[in-house]
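Student: Please see the structure below; I have some questions.
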Amino acid sequence: MKIGNLKIEGFAVLAPLAGVADRAFRETCTQFGASYVVSEMVSSKGLQYNDKKTGSLMTLSDAERPAGIQLFGCEPAVMAEAAKKAMEYAPDIIDINMGCPAPKVSCNGSGSALMKNPQLCGEITAAVKGAVNIPVTVKIRKGWDKNTVNAVEVAQICEAAGADAITVHGRTREDMYMPPADWDIIRQVKQAVKIPVIGNGDVDSAQAAGRMLEETGCDLVMVGRAALGNPWIFSQINAYLTDSCRILPPPGINERMLVMMRHMKLMCDYKGEHRAMNEARKHVGWYLKGMKNAAAFRRRAGYLETWPELENLVKNILQANIE
C-alpha cells in the first residue's frame, strides 16, 4: 500500500509513544519488521522557540525508515511553521497529533481537545499539508467523550483538507486507555474515507492484528503498549498475516536479553550512559515480563546507574532462568 507516494511494507506501525519511542526503540522495532515508525510527539511551540530538547526528538536515522515526525499544537500557522522546521530532519511523513489525552496537552487545546473542534482540525491539516511536500497523516480518537463521538466527521474533514492517511484510536479522550477499544468506529471511518486508515487500540498479538484488519477493513494496524519490551510483535504479526496464520513462538530468554542489551546500548550511544541508564530502568522491567523472579529483578533494575550494573543484572537474570 501507499501513503501518499510513500510505499509501505508489512502490516504494523509503531505508535508515537511519548517517553518511549525514541531513536533506539524505533530502530529496534524497525529491525523486527515495523512498517514504519513515528517519533515521540513534538511541540510546535517548542520548535517555534528553537528548544534543543524538541530538536533532539526529531533526529532520524537510516536504520529506522520509513519514519515520521509527529507534531502537536492547536494553531494552524504555528503548526505549518513547525512542519517546515521538521523537514530539516528529513522525515518521510509528518503526523499531526489530534488524539493525545494527557491533560498537559489537551488542556492547552491540543491533542485530543481538537476533537471538539472539527473545523480547526481541518484548518491545521490544510496548513501543514500546504507547508510540506511529503505525506501528511492525522491521528485521532473516537471522540472527546461518549456524547461527542465524531471520528467519522473529523476524518472526512481531514481528508478533504489533504490528509494522506488517518489513524483512529478506538477510545474517546474520556476513556483514556482503560476500556476495550471500539473497533467498530475504525470500521466506520474506513467506510467513510478513501485514504488509508490505520487502526489503533488493543492490538496486543498477531491474532489481534488479524482480527482488527478483518473486522474493520483498515489498511494497517498501529501497535503501542504491546511493543514495550516486545519488539518481536512486529515480526509475529507479519508472519501471521503472510504465512497462513503461522504463529512465531515468543523469544527465549537468551534472545530476549541479547536484544534488550542491544537496545540499551543504542540508548547509551545516543543519549550517554547516565541518561540512558535512568531510562533503561523501565525498559528492562518490560523486557522481564513473564520471566522467573521478574519482580525481584525489576526492583533491582529500578536502581540502575551504570552499564556494568546492567551487565551484572543480566548475568543474574540468565542464571536464575536457566536453573
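To be explicit about the labels: the chains of the C-alpha cells are called A, B, and onward in the order shown, and within each one the residues are counted from 1, while ligands get numbers from 1 in the order they are shown.
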Could you pull the residues within 7 Å of A:Ser110, counting only C-alpha atoms, minus those fewer than 5 positions along the same chain, as a PDB file with N, CA and C atoms, in the first residue's frame?
Tutor:
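The resulting around-v4.pdb:
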ATOM      1  N   PHE A  72       2.408  18.323  17.614  1.00  0.00           N
ATOM      2  CA  PHE A  72       1.150  18.673  18.261  1.00  0.00           C
ATOM      3  C   PHE A  72       1.084  20.171  18.491  1.00  0.00           C
ATOM      4  N   GLY A  73      -0.128  20.689  18.460  1.00  0.00           N
ATOM      5  CA  GLY A  73      -0.375  22.107  18.633  1.00  0.00           C
ATOM      6  C   GLY A  73      -1.800  22.396  18.201  1.00  0.00           C
ATOM      7  N   CYS A  74      -2.231  23.639  18.356  1.00  0.00           N
ATOM      8  CA  CYS A  74      -3.620  23.969  18.029  1.00  0.00           C
ATOM      9  C   CYS A  74      -3.752  25.221  17.172  1.00  0.00           C
ATOM     10  N   MET A  98      -3.885  14.537  17.075  1.00  0.00           N
ATOM     11  CA  MET A  98      -5.203  15.018  17.490  1.00  0.00           C
ATOM     12  C   MET A  98      -5.838  14.024  18.459  1.00  0.00           C
ATOM     13  N   VAL A 105      -1.401  18.300  27.574  1.00  0.00           N
ATOM     14  CA  VAL A 105      -1.545  18.574  26.141  1.00  0.00           C
ATOM     15  C   VAL A 105      -2.965  19.026  25.820  1.00  0.00           C
TER      16      VAL A 105
END
Student: Pick out the residues sitting within 12 Å of A:Asn108, and hand them over as a list in words; count only C-alpha atoms, and ignore anything fewer than 3 positions along from it in its own chain.
Tutor: Ser43, Lys45, Phe72, Gly73, Cys74, Glu75, Cys100, Pro101, Ala102, Pro103, Lys104, Val105, Gly111, Ser112, Ala113 and Leu114 of chain A
Student: Could you find all residues in stretch 78-259 of chain A that DSSP calls helix (DSSP H, G or I) from the backbone, and write them as a PyMOL selection string?
Tutor: chain A and resi 78-89+103-106+111-116+118-131+151-160+183-192+206-216+225-227+233-242+253-259
Student: Can you pull out the residues contacting A:Thr30? Cut-off 12 Å, using only C-alpha atoms, and skip same-chain residues under 3 positions away; I want them as a PyMOL selection string.
Tutor: chain A and resi 9-10+12-14+21+23-27+33-38+61-67+227+231-235+263
Student: Could you work out how far atom CA of A:His169 lies from atom CA of A:Leu220, giving the answer in Å with one decimal?
Tutor: 12.4 Å
Student: Find the spatial neighbours of stretch 156-167 of chain A, counting only C-alpha atoms, within a cut-off of 6 Å - ignore same-chain residues fewer than 4 positions away - and output them as a ChimeraX atom specification.
Tutor: /A:3-4,122,125-126,135-139,195-199
Student: Considering only C-alpha atoms, can you say which of A:Glu40, A:Glu123, A:Asp22, A:Asp145 comes closest to A:Tyr270?
Tutor: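 Counting only C-alpha atoms, the residue closest to A:Tyr270 is A:Asp22.
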Student: Excluding A:Ile317 and residues on its chain fewer than 4 positions from it, collect all residues at most 9 Å away from it, counting only C-alpha atoms, and give them as JSON, numbers by chain.
Tutor: {"A": [253, 257, 288, 291, 292, 293, 294, 297, 312, 313, 321, 322]}
Student: For the residues selected in the previous step, produce a file with N, CA and C atoms as a PDB file, in the first residue's frame.
Tutor:
ATOM      1  N   ILE A 253      14.834 -16.808  26.566  1.00  0.00           N
ATOM      2  CA  ILE A 253      15.466 -15.895  27.498  1.00  0.00           C
ATOM      3  C   ILE A 253      16.760 -15.305  26.945  1.00  0.00           C
ATOM      4  N   MET A 257      17.300 -11.261  26.236  1.00  0.00           N
ATOM      5  CA  MET A 257      18.328 -10.462  26.891  1.00  0.00           C
ATOM      6  C   MET A 257      19.316  -9.873  25.882  1.00  0.00           C
ATOM      7  N   LEU A 288      11.469  -7.963  31.079  1.00  0.00           N
ATOM      8  CA  LEU A 288      11.448  -9.050  32.063  1.00  0.00           C
ATOM      9  C   LEU A 288      10.079  -9.703  32.218  1.00  0.00           C
ATOM     10  N   MET A 291       9.142 -13.555  33.140  1.00  0.00           N
ATOM     11  CA  MET A 291      10.319 -14.345  33.499  1.00  0.00           C
ATOM     12  C   MET A 291      10.295 -14.750  34.975  1.00  0.00           C
ATOM     13  N   LYS A 292      11.107 -15.761  35.294  1.00  0.00           N
ATOM     14  CA  LYS A 292      11.257 -16.213  36.674  1.00  0.00           C
ATOM     15  C   LYS A 292      11.892 -15.103  37.512  1.00  0.00           C
ATOM     16  N   ASN A 293      11.326 -14.860  38.685  1.00  0.00           N
ATOM     17  CA  ASN A 293      11.826 -13.834  39.608  1.00  0.00           C
ATOM     18  C   ASN A 293      11.788 -12.427  39.005  1.00  0.00           C
ATOM     19  N   ALA A 294      10.855 -12.195  38.085  1.00  0.00           N
ATOM     20  CA  ALA A 294      10.792 -10.905  37.396  1.00  0.00           C
ATOM     21  C   ALA A 294      10.612  -9.740  38.366  1.00  0.00           C
ATOM     22  N   PHE A 297      13.893  -8.810  40.052  1.00  0.00           N
ATOM     23  CA  PHE A 297      14.835  -8.205  39.114  1.00  0.00           C
ATOM     24  C   PHE A 297      14.372  -6.810  38.681  1.00  0.00           C
ATOM     25  N   ASN A 312      25.768  -6.943  34.903  1.00  0.00           N
ATOM     26  CA  ASN A 312      25.707  -7.851  36.049  1.00  0.00           C
ATOM     27  C   ASN A 312      24.277  -8.329  36.293  1.00  0.00           C
ATOM     28  N   LEU A 313      23.326  -7.433  36.153  1.00  0.00           N
ATOM     29  CA  LEU A 313      21.926  -7.806  36.328  1.00  0.00           C
ATOM     30  C   LEU A 313      21.522  -8.852  35.305  1.00  0.00           C
ATOM     31  N   ASN A 321      17.113 -17.955  35.374  1.00  0.00           N
ATOM     32  CA  ASN A 321      16.144 -18.543  34.474  1.00  0.00           C
ATOM     33  C   ASN A 321      16.635 -19.839  33.829  1.00  0.00           C
ATOM     34  N   ILE A 322      17.961 -20.077  33.871  1.00  0.00           N
ATOM     35  CA  ILE A 322      18.491 -21.352  33.384  1.00  0.00           C
ATOM     36  C   ILE A 322      18.300 -22.427  34.455  1.00  0.00           C
TER      37      ILE A 322
END
Student: Within 10 Å of A:Asn133, counting only C-alpha atoms, which residues show up once you throw out same-chain ones fewer than 3 positions away? Write them as a ChimeraX atom specification, please.
Tutor: /A:84,87,92-94,128-130,136
